[in-house]
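This is target29.cif (mmCIF, C-alpha atoms).
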```
data_work
loop_
_atom_site.label_atom_id
_atom_site.label_comp_id
_atom_site.auth_asym_id
_atom_site.auth_seq_id
_atom_site.Cartn_x
_atom_site.Cartn_y
_atom_site.Cartn_z
CA MET A 1 -8.61 2.60 36.35
CA GLY A 2 -4.93 3.39 35.94
CA PHE A 3 -4.21 -0.18 34.86
CA ILE A 4 -6.40 -0.19 31.78
CA HIS A 5 -4.93 1.25 28.61
CA ASP A 6 -5.71 1.46 24.89
CA ASN A 7 -5.27 -1.77 22.89
CA MET A 8 -5.46 -4.06 25.92
CA ALA A 9 -7.32 -7.37 26.00
CA LEU A 10 -9.98 -7.44 28.70
CA MET A 11 -12.12 -10.24 30.04
CA ILE A 12 -15.38 -8.90 31.43
CA GLY A 13 -17.64 -11.04 33.60
CA GLY A 14 -21.41 -11.18 33.43
CA PHE A 15 -24.26 -12.72 31.49
CA MET A 16 -26.47 -10.21 29.68
CA SER A 17 -25.08 -7.61 32.14
CA ILE A 18 -26.02 -9.64 35.26
CA GLY A 19 -22.71 -9.97 37.10
CA THR A 20 -20.95 -7.33 34.99
CA PRO A 21 -19.00 -4.67 36.97
CA GLU A 22 -20.96 -1.57 35.94
CA ILE A 23 -18.69 0.94 37.68
CA LEU A 24 -15.71 -0.36 35.71
CA MET A 25 -17.69 -0.06 32.44
CA ASP A 26 -18.45 3.56 33.37
CA GLY A 27 -14.80 4.14 34.24
CA ILE A 28 -13.54 2.93 30.86
CA VAL A 29 -16.02 5.17 29.02
CA GLU A 30 -15.24 8.22 31.20
CA LYS A 31 -11.51 7.77 30.82
CA GLY A 32 -11.83 7.48 27.05
CA ILE A 33 -9.86 4.24 26.76
CA GLY A 34 -10.17 2.76 23.27
CA SER A 35 -9.27 0.04 20.76
CA LEU A 36 -9.97 -2.66 23.32
CA THR A 37 -10.19 -6.37 22.70
CA VAL A 38 -13.03 -7.68 24.85
CA ILE A 39 -13.70 -11.30 25.75
CA ALA A 40 -17.12 -11.78 27.34
CA ASN A 41 -20.21 -13.95 27.08
CA ASP A 42 -22.20 -11.25 25.29
CA SER A 43 -22.36 -7.52 24.61
CA GLY A 44 -24.91 -6.69 27.31
CA VAL A 45 -27.94 -4.61 26.45
CA PRO A 46 -28.04 -0.94 25.36
CA GLY A 47 -27.11 1.23 28.34
CA LYS A 48 -26.17 -1.70 30.56
CA GLY A 49 -23.05 -3.80 31.06
CA ILE A 50 -20.82 -4.12 28.00
CA GLY A 51 -23.54 -2.30 26.04
CA LYS A 52 -22.01 0.90 27.45
CA LEU A 53 -18.68 0.08 25.79
CA VAL A 54 -20.37 -0.79 22.49
CA THR A 55 -22.20 2.55 22.43
CA ALA A 56 -19.01 4.44 23.28
CA GLY A 57 -17.23 2.69 20.39
CA VAL A 58 -14.24 1.68 22.50
CA ILE A 59 -14.17 -1.98 21.45
CA LYS A 60 -12.09 -2.99 18.45
CA LYS A 61 -12.67 -6.71 18.69
CA LEU A 62 -15.26 -8.68 20.65
CA THR A 63 -15.10 -12.41 21.33
CA ALA A 64 -18.52 -13.53 22.61
CA SER A 65 -21.16 -16.25 22.28
CA HIS A 66 -24.22 -14.07 21.82
CA ILE A 67 -24.94 -10.49 20.75
CA GLY A 68 -28.69 -10.87 20.22
CA LEU A 69 -29.92 -8.64 23.06
CA ASN A 70 -27.94 -5.67 21.78
CA ALA A 71 -28.89 -4.67 18.23
CA GLU A 72 -26.21 -1.97 18.27
CA THR A 73 -23.47 -4.63 18.32
CA GLY A 74 -24.88 -6.33 15.20
CA ALA A 75 -25.25 -2.97 13.44
CA LYS A 76 -21.63 -1.99 14.20
CA MET A 77 -20.46 -5.43 13.13
CA ASN A 78 -22.32 -5.19 9.81
CA ALA A 79 -20.96 -1.65 9.29
CA GLY A 80 -17.41 -2.94 9.76
CA GLU A 81 -16.81 -0.81 12.88
CA LEU A 82 -16.49 -3.76 15.22
CA GLU A 83 -14.93 -7.16 14.67
CA VAL A 84 -16.98 -9.91 16.32
CA GLU A 85 -15.82 -13.48 16.82
CA LEU A 86 -18.66 -15.77 17.87
CA VAL A 87 -17.81 -18.81 19.99
CA PRO A 88 -20.27 -21.38 21.40
CA GLN A 89 -20.95 -20.48 25.02
CA GLY A 90 -19.71 -23.75 26.49
CA SER A 91 -16.56 -23.60 24.38
CA LEU A 92 -15.95 -20.00 25.46
CA ALA A 93 -16.20 -21.03 29.11
CA GLU A 94 -13.76 -23.89 28.52
CA LYS A 95 -11.29 -21.71 26.56
CA ILE A 96 -11.21 -19.27 29.48
CA ARG A 97 -11.00 -22.10 32.02
CA SER A 98 -8.07 -23.60 30.08
CA GLY A 99 -6.32 -20.23 30.01
CA GLY A 100 -6.65 -19.88 33.74
CA MET A 101 -5.92 -23.42 34.77
CA GLY A 102 -2.73 -24.15 32.90
CA LEU A 103 -4.26 -26.34 30.21
CA GLY A 104 -3.35 -26.43 26.52
CA GLY A 105 -6.99 -26.28 25.48
CA VAL A 106 -9.96 -28.63 25.50
CA LEU A 107 -11.48 -31.15 23.12
CA THR A 108 -15.19 -30.57 22.57
CA PRO A 109 -17.78 -32.15 20.27
CA THR A 110 -19.55 -28.78 20.05
CA GLY A 111 -19.21 -27.13 16.63
CA ILE A 112 -18.29 -30.23 14.62
CA GLY A 113 -19.71 -29.86 11.11
CA THR A 114 -20.38 -26.13 11.55
CA GLU A 115 -18.55 -22.89 10.71
CA VAL A 116 -17.04 -23.03 14.20
CA GLU A 117 -14.59 -25.73 13.10
CA THR A 118 -12.96 -23.43 10.51
CA GLY A 119 -9.21 -23.30 11.11
CA LYS A 120 -9.34 -25.61 14.12
CA GLU A 121 -7.66 -28.94 14.59
CA LYS A 122 -9.95 -32.00 14.73
CA LEU A 123 -9.03 -35.10 16.69
CA THR A 124 -10.71 -38.47 16.86
CA ILE A 125 -10.69 -39.88 20.37
CA GLN A 126 -12.17 -43.35 20.98
CA GLY A 127 -13.99 -43.13 17.66
CA LYS A 128 -15.60 -39.73 18.26
CA GLU A 129 -14.63 -36.44 16.61
CA TYR A 130 -13.67 -33.44 18.71
CA LEU A 131 -12.55 -29.88 18.03
CA LEU A 132 -9.48 -28.55 19.76
CA GLU A 133 -10.40 -25.24 21.39
CA LEU A 134 -7.33 -23.32 22.48
CA PRO A 135 -6.91 -21.45 25.77
CA LEU A 136 -7.78 -17.77 26.13
CA ARG A 137 -6.11 -15.25 28.42
CA ALA A 138 -6.32 -11.48 28.81
CA ASP A 139 -4.25 -8.61 30.18
CA ILE A 140 -6.93 -7.71 32.69
CA ALA A 141 -10.08 -9.39 34.01
CA LEU A 142 -12.87 -7.15 35.26
CA ILE A 143 -15.18 -9.09 37.51
CA ARG A 144 -18.06 -8.38 39.87
CA GLY A 145 -18.37 -9.77 43.38
CA SER A 146 -21.46 -9.63 45.58
CA ILE A 147 -19.46 -9.82 48.80
CA VAL A 148 -15.68 -9.40 48.82
CA ASP A 149 -13.46 -9.41 51.89
CA LYS A 150 -10.51 -7.05 52.21
CA THR A 151 -8.00 -9.66 51.05
CA GLY A 152 -10.03 -10.32 47.90
CA ASN A 153 -11.99 -13.48 48.67
CA VAL A 154 -15.14 -13.34 46.56
CA PHE A 155 -18.72 -14.60 46.92
CA TYR A 156 -21.05 -14.28 43.94
CA ASN A 157 -24.81 -14.20 44.61
CA GLY A 158 -27.40 -16.00 42.46
CA THR A 159 -26.73 -15.98 38.72
CA THR A 160 -24.09 -13.23 38.94
CA ARG A 161 -21.42 -15.95 39.14
CA ASN A 162 -21.48 -17.09 35.47
CA PHE A 163 -18.09 -16.31 33.84
CA ASN A 164 -16.63 -14.32 36.76
CA PRO A 165 -14.74 -17.07 38.64
CA LEU A 166 -13.33 -18.45 35.36
CA MET A 167 -12.07 -15.06 34.22
CA ALA A 168 -10.59 -14.34 37.66
CA MET A 169 -8.02 -17.05 36.91
CA ALA A 170 -7.26 -16.20 33.28
CA ALA A 171 -5.80 -12.67 33.30
CA ASP A 172 -2.53 -11.05 34.40
CA ILE A 173 -4.35 -8.49 36.54
CA VAL A 174 -7.72 -9.11 38.17
CA ILE A 175 -9.89 -6.24 39.37
CA VAL A 176 -13.06 -7.04 41.30
CA ALA A 177 -15.82 -4.49 41.71
CA ALA A 178 -17.64 -5.29 44.94
CA GLU A 179 -21.23 -4.71 45.91
CA LYS A 180 -20.25 -5.12 49.55
CA ILE A 181 -16.78 -5.16 51.13
CA VAL A 182 -16.37 -6.93 54.49
CA GLU A 183 -13.55 -7.49 56.96
CA VAL A 184 -11.29 -10.51 56.61
CA GLY A 185 -12.86 -13.42 58.47
CA GLU A 186 -16.43 -12.33 57.89
CA LEU A 187 -16.93 -14.56 54.84
CA ASP A 188 -17.38 -18.25 55.67
CA PRO A 189 -14.42 -19.99 53.95
CA ASN A 190 -16.84 -22.69 52.74
CA TYR A 191 -18.70 -20.19 50.58
CA ILE A 192 -15.77 -18.43 48.95
CA MET A 193 -15.96 -18.96 45.19
CA THR A 194 -12.84 -17.10 44.05
CA PRO A 195 -9.82 -17.31 46.38
CA ALA A 196 -8.17 -14.01 47.26
CA ALA A 197 -4.92 -15.20 45.66
CA MET A 198 -6.52 -14.62 42.24
CA VAL A 199 -7.54 -11.02 42.94
CA ASP A 200 -5.18 -8.05 42.60
CA TYR A 201 -7.41 -5.03 43.25
CA ILE A 202 -10.79 -4.40 44.87
CA VAL A 203 -13.04 -1.43 44.23
CA GLY A 204 -16.33 -0.76 45.98
CA GLY A 205 -19.49 0.90 44.83
CA GLU A 206 -21.32 -1.74 42.78
CA ALA A 207 -25.08 -1.34 43.11
CA MET B 1 -59.05 -20.19 20.46
CA ALA B 2 -55.47 -21.20 21.17
CA THR B 3 -52.72 -19.46 19.26
CA ILE B 4 -50.34 -21.46 17.06
CA LYS B 5 -47.62 -21.09 19.69
CA GLU B 6 -49.94 -22.41 22.40
CA ILE B 7 -50.92 -25.41 20.26
CA ILE B 8 -47.25 -26.29 19.70
CA ALA B 9 -46.29 -25.73 23.34
CA LYS B 10 -49.18 -27.82 24.62
CA ARG B 11 -48.34 -30.78 22.38
CA ALA B 12 -44.61 -30.54 23.05
CA ALA B 13 -45.17 -30.44 26.81
CA ARG B 14 -46.49 -34.03 26.58
CA GLU B 15 -42.93 -35.16 25.76
CA LEU B 16 -41.69 -34.02 29.17
CA LYS B 17 -41.79 -36.84 31.70
CA ASP B 18 -41.77 -36.79 35.48
CA GLY B 19 -38.24 -36.31 36.83
CA ASP B 20 -36.71 -35.01 33.60
CA ILE B 21 -33.99 -32.37 33.69
CA VAL B 22 -34.98 -29.94 30.94
CA ASN B 23 -33.52 -26.87 29.26
CA LEU B 24 -36.12 -24.73 27.52
CA GLY B 25 -34.98 -22.15 24.96
CA ILE B 26 -36.16 -18.56 25.10
CA GLY B 27 -39.53 -17.73 23.49
CA LEU B 28 -41.93 -20.49 22.44
CA PRO B 29 -40.05 -23.29 24.28
CA THR B 30 -40.47 -21.41 27.58
CA LEU B 31 -44.26 -21.77 27.21
CA LEU B 32 -44.03 -25.55 27.67
CA GLY B 33 -43.78 -25.02 31.41
CA ASN B 34 -47.42 -23.86 31.41
CA TYR B 35 -48.74 -27.13 29.97
CA LEU B 36 -47.10 -29.94 31.97
CA GLU B 37 -49.33 -32.99 32.35
CA GLU B 38 -50.78 -33.70 35.77
CA GLY B 39 -48.30 -35.29 38.14
CA VAL B 40 -45.30 -34.37 35.99
CA GLU B 41 -42.58 -32.51 37.81
CA ILE B 42 -39.45 -31.49 35.94
CA THR B 43 -36.25 -29.70 36.92
CA LEU B 44 -35.41 -26.73 34.71
CA GLN B 45 -31.80 -25.94 33.85
CA ALA B 46 -30.81 -22.44 32.73
CA GLU B 47 -27.46 -22.13 30.97
CA ASN B 48 -26.51 -18.99 32.87
CA GLY B 49 -26.17 -21.18 35.94
CA ILE B 50 -29.36 -22.54 37.56
CA LEU B 51 -30.67 -26.02 38.18
CA GLY B 52 -34.16 -25.80 39.67
CA MET B 53 -35.37 -22.65 37.97
CA GLY B 54 -38.96 -21.58 38.71
CA SER B 55 -41.50 -19.35 37.01
CA LEU B 56 -41.05 -15.76 35.85
CA CYS B 57 -41.24 -13.25 38.71
CA GLU B 58 -44.34 -11.17 39.32
CA PRO B 59 -43.56 -7.43 39.09
CA GLY B 60 -42.10 -6.24 42.40
CA GLN B 61 -40.95 -9.75 43.39
CA GLU B 62 -37.67 -9.71 41.45
CA ASP B 63 -34.27 -10.52 42.93
CA LYS B 64 -31.80 -8.41 40.92
CA ASP B 65 -29.24 -11.24 40.96
CA ILE B 66 -31.47 -14.03 39.65
CA VAL B 67 -32.37 -14.15 35.95
CA ASN B 68 -32.87 -16.79 33.28
CA ALA B 69 -30.72 -17.05 30.15
CA GLY B 70 -32.96 -14.49 28.43
CA MET B 71 -32.32 -11.90 31.16
CA GLN B 72 -35.81 -12.23 32.66
CA TYR B 73 -36.16 -12.25 36.44
CA VAL B 74 -37.14 -15.70 37.66
CA ASN B 75 -38.04 -17.52 40.86
CA ILE B 76 -36.14 -20.59 41.98
CA GLU B 77 -37.56 -23.85 43.31
CA LYS B 78 -36.75 -25.33 46.71
CA GLY B 79 -33.50 -27.26 46.37
CA ALA B 80 -32.26 -25.18 43.44
CA CYS B 81 -28.59 -24.44 42.98
CA PHE B 82 -26.39 -21.96 41.14
CA PHE B 83 -23.09 -22.60 39.38
CA ASP B 84 -20.55 -20.99 37.06
CA SER B 85 -20.66 -21.18 33.24
CA ALA B 86 -18.10 -24.00 32.92
CA SER B 87 -20.13 -26.18 35.29
CA SER B 88 -23.34 -25.19 33.52
CA PHE B 89 -22.02 -26.35 30.17
CA GLY B 90 -20.46 -29.38 31.79
CA ILE B 91 -24.00 -30.32 32.84
CA ILE B 92 -25.20 -29.67 29.28
CA ARG B 93 -22.36 -31.19 27.26
CA GLY B 94 -21.86 -34.03 29.71
CA GLY B 95 -25.27 -35.49 28.95
CA HIS B 96 -26.84 -34.58 32.29
CA VAL B 97 -29.77 -32.74 30.65
CA ASP B 98 -32.51 -35.18 29.59
CA ILE B 99 -34.31 -32.95 27.10
CA THR B 100 -33.61 -29.64 25.43
CA VAL B 101 -36.39 -27.87 23.58
CA LEU B 102 -35.48 -25.10 21.18
CA GLY B 103 -36.68 -23.23 18.11
CA ALA B 104 -35.36 -23.48 14.56
CA LEU B 105 -34.85 -21.52 11.37
CA GLU B 106 -34.41 -24.72 9.32
CA ILE B 107 -34.23 -28.47 10.04
CA ASP B 108 -33.50 -31.25 7.59
CA GLU B 109 -34.03 -34.97 6.98
CA THR B 110 -30.93 -35.95 8.94
CA GLY B 111 -31.86 -33.95 12.03
CA THR B 112 -29.40 -31.21 11.17
CA LEU B 113 -30.44 -27.86 12.62
CA ALA B 114 -29.92 -24.20 11.71
CA SER B 115 -31.10 -21.90 14.47
CA HIS B 116 -28.56 -19.23 15.22
CA ILE B 117 -27.73 -16.98 12.29
CA ILE B 118 -29.06 -15.54 9.03
CA PRO B 119 -25.97 -14.01 7.41
CA GLY B 120 -26.35 -10.25 7.00
CA LYS B 121 -29.69 -10.18 8.85
CA MET B 122 -30.01 -11.91 12.20
CA VAL B 123 -26.58 -12.08 13.79
CA SER B 124 -27.43 -12.97 17.35
CA GLY B 125 -24.83 -15.72 17.63
CA MET B 126 -25.16 -19.31 18.80
CA GLY B 127 -25.06 -18.60 22.53
CA GLY B 128 -25.54 -21.97 24.22
CA ALA B 129 -27.52 -23.60 21.39
CA MET B 130 -24.63 -25.55 19.83
CA ASP B 131 -23.64 -27.09 23.16
CA LEU B 132 -27.25 -27.85 24.12
CA VAL B 133 -28.05 -29.64 20.87
CA VAL B 134 -24.81 -31.64 20.98
CA GLY B 135 -25.05 -32.52 24.66
CA ALA B 136 -28.69 -33.11 25.64
CA LYS B 137 -29.92 -36.71 25.62
CA LYS B 138 -32.99 -35.75 23.57
CA VAL B 139 -33.38 -32.70 21.32
CA ILE B 140 -36.87 -31.49 20.47
CA VAL B 141 -37.37 -28.67 17.98
CA VAL B 142 -40.58 -26.66 18.30
CA THR B 143 -41.41 -24.41 15.37
CA THR B 144 -44.16 -23.20 13.10
CA HIS B 145 -44.39 -25.63 10.20
CA THR B 146 -43.62 -22.93 7.65
CA ALA B 147 -42.21 -19.39 7.64
CA LYS B 148 -44.26 -16.96 5.52
CA GLY B 149 -45.62 -19.99 3.65
CA ALA B 150 -42.18 -21.47 2.89
CA PRO B 151 -41.27 -24.88 4.38
CA LYS B 152 -38.81 -24.93 7.28
CA ILE B 153 -38.40 -28.70 7.24
CA LEU B 154 -36.06 -29.20 4.30
CA LYS B 155 -34.17 -31.89 2.41
CA LYS B 156 -30.97 -30.13 3.39
CA VAL B 157 -30.32 -27.15 5.65
CA ARG B 158 -29.17 -24.08 3.67
CA LEU B 159 -28.36 -21.63 6.49
CA PRO B 160 -25.20 -21.97 8.60
CA ILE B 161 -25.50 -25.16 10.65
CA THR B 162 -25.93 -25.15 14.43
CA ALA B 163 -25.42 -28.91 14.86
CA VAL B 164 -25.25 -31.89 12.53
CA GLY B 165 -27.75 -34.74 12.89
CA LYS B 166 -28.70 -34.13 16.53
CA VAL B 167 -32.44 -33.36 16.42
CA ASP B 168 -34.65 -36.25 17.61
CA MET B 169 -38.12 -34.80 17.20
CA ILE B 170 -39.86 -31.90 15.44
CA ILE B 171 -43.15 -30.57 16.76
CA THR B 172 -45.17 -28.00 14.77
CA GLU B 173 -48.78 -26.80 14.89
CA LEU B 174 -49.57 -29.48 12.28
CA ALA B 175 -47.40 -32.46 13.02
CA VAL B 176 -45.14 -34.49 15.28
CA ILE B 177 -42.20 -35.84 13.31
CA GLU B 178 -39.52 -38.21 14.54
CA VAL B 179 -36.03 -38.13 13.08
CA THR B 180 -35.02 -41.75 12.38
CA PRO B 181 -31.89 -43.20 10.75
CA LYS B 182 -34.03 -43.78 7.62
CA GLY B 183 -35.38 -40.22 7.52
CA LEU B 184 -38.35 -38.29 8.87
CA LEU B 185 -41.29 -40.29 10.22
CA LEU B 186 -44.66 -38.57 10.54
CA LYS B 187 -46.08 -39.88 13.81
CA GLU B 188 -48.96 -37.58 14.54
CA ILE B 189 -50.98 -34.85 12.83
CA SER B 190 -53.31 -32.23 14.20
CA THR B 191 -57.08 -32.60 13.75
CA ASP B 192 -56.98 -29.46 11.60
CA THR B 193 -54.86 -30.96 8.82
CA THR B 194 -54.29 -33.98 6.58
CA VAL B 195 -51.22 -36.03 5.69
CA GLU B 196 -51.40 -34.51 2.22
CA GLU B 197 -51.36 -30.96 3.50
CA VAL B 198 -48.44 -31.71 5.82
CA ARG B 199 -46.53 -33.23 2.88
CA ASN B 200 -47.27 -30.18 0.71
CA LEU B 201 -45.89 -27.87 3.40
CA THR B 202 -42.77 -29.98 3.99
CA GLU B 203 -39.86 -30.00 1.55
CA ALA B 204 -38.24 -33.08 3.09
CA GLU B 205 -39.50 -36.59 2.34
CA LEU B 206 -41.92 -37.84 5.00
CA MET B 207 -42.56 -41.48 5.83
CA VAL B 208 -45.94 -41.98 7.50
CA SER B 209 -46.12 -44.10 10.61
CA GLU B 210 -48.33 -47.19 10.45
CA ASP B 211 -49.73 -46.05 13.75
CA LEU B 212 -50.34 -42.45 12.71
CA ILE B 213 -52.26 -40.61 15.37
CA VAL B 214 -54.71 -37.90 14.34
CA GLY B 215 -55.46 -35.45 17.02
CA PHE B 216 -53.79 -32.87 19.16
#
```
Spell out the structure here as structure tokens.
Amino acid sequence: MGFIHDNMALMIGGFMSIGTPEILMDGIVEKGIGSLTVIANDSGVPGKGIGKLVTAGVIKKLTASHIGLNAETGAKMNAGELEVELVPQGSLAEKIRSGGMGLGGVLTPTGIGTEVETGKEKLTIQGKEYLLELPLRADIALIRGSIVDKTGNVFYNGTTRNFNPLMAMAADIVIVAAEKIVEVGELDPNYIMTPAAMVDYIVGGEA
Amino acid sequence: MATIKEIIAKRAARELKDGDIVNLGIGLPTLLGNYLEEGVEITLQAENGILGMGSLCEPGQEDKDIVNAGMQYVNIEKGACFFDSASSFGIIRGGHVDITVLGALEIDETGTLASHIIPGKMVSGMGGAMDLVVGAKKVIVVTTHTAKGAPKILKKVRLPITAVGKVDMIITELAVIEVTPKGLLLKEISTDTTVEEVRNLTEAELMVSEDLIVGF
């Protein structure tokens, strides 16, 4: 946890806490790190996933697509204690993908004619309007792997994959919390979803 | 006696055809899966990364790593696959989903939808709704015809917009309405209502189909 400090921007994997590295959420709360900028799909649920960070009041700004399963996030937002930027889920995925893959952003039809287009450039390509969504990066990505080998190759099981492989490419430091750590060579190379070259640190102990 | 939600779900399920790839929103839309017509098999897409989603899990049968987009544990069908969120929304935005069925706060004459936020009250966020409505080949809104007696089908949407002009069909407990370039066309009404009553409970102008069907 020595890498995470106050005021940092974190990407946190998971979808409604499924695929979120719980032990790293606990670590942030225990260490008392604060004023964080968090980029994630959602704010988890109370007591689970990013919900733990919301309850502890350690997030200053949250960029997410959905906060509906955690009433505490909405309450803190309405009370002015937490700044929330809402981004369509597909656009959020593409912003993160752009940040990780060396792109200058993406053009999407999603959000045209809505509040989402506020402050964004609009381009007409082959007669159709698109919004320019800019890339997103973070200081640190916190991701969760189901099986991780000792060099950092990651396999995600079921629906735990979601934003994890995208975020693993879009941050300066990538920490994966593993449910199971295996020896190098034990994972079939065909089933590796995040290459070890993306991962900086591995911690065990995910349930 | 069927509940209002069951009536809507049952009628809406008739719009799903064999072989369709379908995304069902959380809540009422999810119920459509219970009312598929005989011989109709569809493939369900879940925006958190499943194609080939099955039914909700019986207690004790859950796999902790497999949920739907509403965080409920689900089964998967034979031949199902999982993918990341960029691929999932590539499937959605890229037009690879035949039908999306979702709820609404307000809909208007042009097929413009408000479904994701009531400023100061419900601040859940748009989640995947904006991408789904923009990207799916056909967008069906399922909703009660009114909310606390007030029409939900309006001349113009007042709440923050989820997507402009993308809804193709509106199905309520009273009516099936198609969104056409000329406006809203009443195609079908329930046996429990009349065209007059539907008009009274709808703020938007309604054209009535020459082949109006009474009965669902």
I need the contact residues of chain A against chain B, so if you could list those with any atom within 7 Å, counting only C-alpha atoms, and return them as a PDB file with C-alpha atoms, keeping the file's coordinate frame, that would help.
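Written output follows (iface23.pdb):
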```
ATOM      1  CA  PHE A  15     -24.260 -12.720  31.490  1.00  0.00           C
ATOM      2  CA  MET A  16     -26.470 -10.210  29.680  1.00  0.00           C
ATOM      3  CA  ILE A  18     -26.020  -9.640  35.260  1.00  0.00           C
ATOM      4  CA  SER A  65     -21.160 -16.250  22.280  1.00  0.00           C
ATOM      5  CA  HIS A  66     -24.220 -14.070  21.820  1.00  0.00           C
ATOM      6  CA  ILE A  67     -24.940 -10.490  20.750  1.00  0.00           C
ATOM      7  CA  GLY A  68     -28.690 -10.870  20.220  1.00  0.00           C
ATOM      8  CA  GLY A  74     -24.880  -6.330  15.200  1.00  0.00           C
ATOM      9  CA  LEU A  86     -18.660 -15.770  17.870  1.00  0.00           C
ATOM     10  CA  PRO A  88     -20.270 -21.380  21.400  1.00  0.00           C
ATOM     11  CA  GLN A  89     -20.950 -20.480  25.020  1.00  0.00           C
ATOM     12  CA  GLY A  90     -19.710 -23.750  26.490  1.00  0.00           C
ATOM     13  CA  ALA A  93     -16.200 -21.030  29.110  1.00  0.00           C
ATOM     14  CA  GLU A  94     -13.760 -23.890  28.520  1.00  0.00           C
ATOM     15  CA  THR A 110     -19.550 -28.780  20.050  1.00  0.00           C
ATOM     16  CA  GLY A 111     -19.210 -27.130  16.630  1.00  0.00           C
ATOM     17  CA  GLY A 113     -19.710 -29.860  11.110  1.00  0.00           C
ATOM     18  CA  THR A 114     -20.380 -26.130  11.550  1.00  0.00           C
ATOM     19  CA  ASN A 157     -24.810 -14.200  44.610  1.00  0.00           C
ATOM     20  CA  GLY A 158     -27.400 -16.000  42.460  1.00  0.00           C
ATOM     21  CA  THR A 159     -26.730 -15.980  38.720  1.00  0.00           C
ATOM     22  CA  THR A 160     -24.090 -13.230  38.940  1.00  0.00           C
ATOM     23  CA  ARG A 161     -21.420 -15.950  39.140  1.00  0.00           C
ATOM     24  CA  ASN A 162     -21.480 -17.090  35.470  1.00  0.00           C
ATOM     25  CA  PHE A 163     -18.090 -16.310  33.840  1.00  0.00           C
TER      26      PHE A 163
END
```
*asked:* I'd like the interatomic distance between CA of Gly215 in chain B and CA of Ile189 in chain B, to a tenth of an Å.
replied: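 Computed distance, CA of Gly215 in chain B to CA of Ile189 in chain B, equals 6.2 Å.
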*Taking the file as shown, what set of residues would the PyMOL selection byres ((chain B and resi 190-203) around 6) give back, as a list in words?*
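Checked against the file, the PyMOL selection byres ((chain B and resi 190-203) around 6) matches Pro151, Ile153, Leu154, Leu174, Ile189, Ala204, Val214, Gly215 and Phe216 of chain B.
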*For the structure provided, state which residues fall under the PyMOL selection byres ((chain A and resi 22) around 9), and present them as number ranges by chain.*
A: 17, 19-21, 23-27, 48-50, 52, 144, 177, 206-207
_When the PyMOL selection byres ((chain A and resi 61) around 8) is applied to the structure above, which residues does it catch, written out as a PyMOL selection string?_
chain A and resi 35-38+59-60+62-63+82-85
*Who sits within 9 Å of Gly54 in chain B, all atoms listed in the file, same chain under 4 positions skipped, as a PyMOL selection string*: chain B and resi 43-44+74-77+80
Create the file for the chosen residues now, containing C-alpha atoms and written as a PDB file, in the coordinates of the input.
```
ATOM      1  CA  THR B  43     -36.250 -29.700  36.920  1.00  0.00           C
ATOM      2  CA  LEU B  44     -35.410 -26.730  34.710  1.00  0.00           C
ATOM      3  CA  VAL B  74     -37.140 -15.700  37.660  1.00  0.00           C
ATOM      4  CA  ASN B  75     -38.040 -17.520  40.860  1.00  0.00           C
ATOM      5  CA  ILE B  76     -36.140 -20.590  41.980  1.00  0.00           C
ATOM      6  CA  GLU B  77     -37.560 -23.850  43.310  1.00  0.00           C
ATOM      7  CA  ALA B  80     -32.260 -25.180  43.440  1.00  0.00           C
TER       8      ALA B  80
END
```
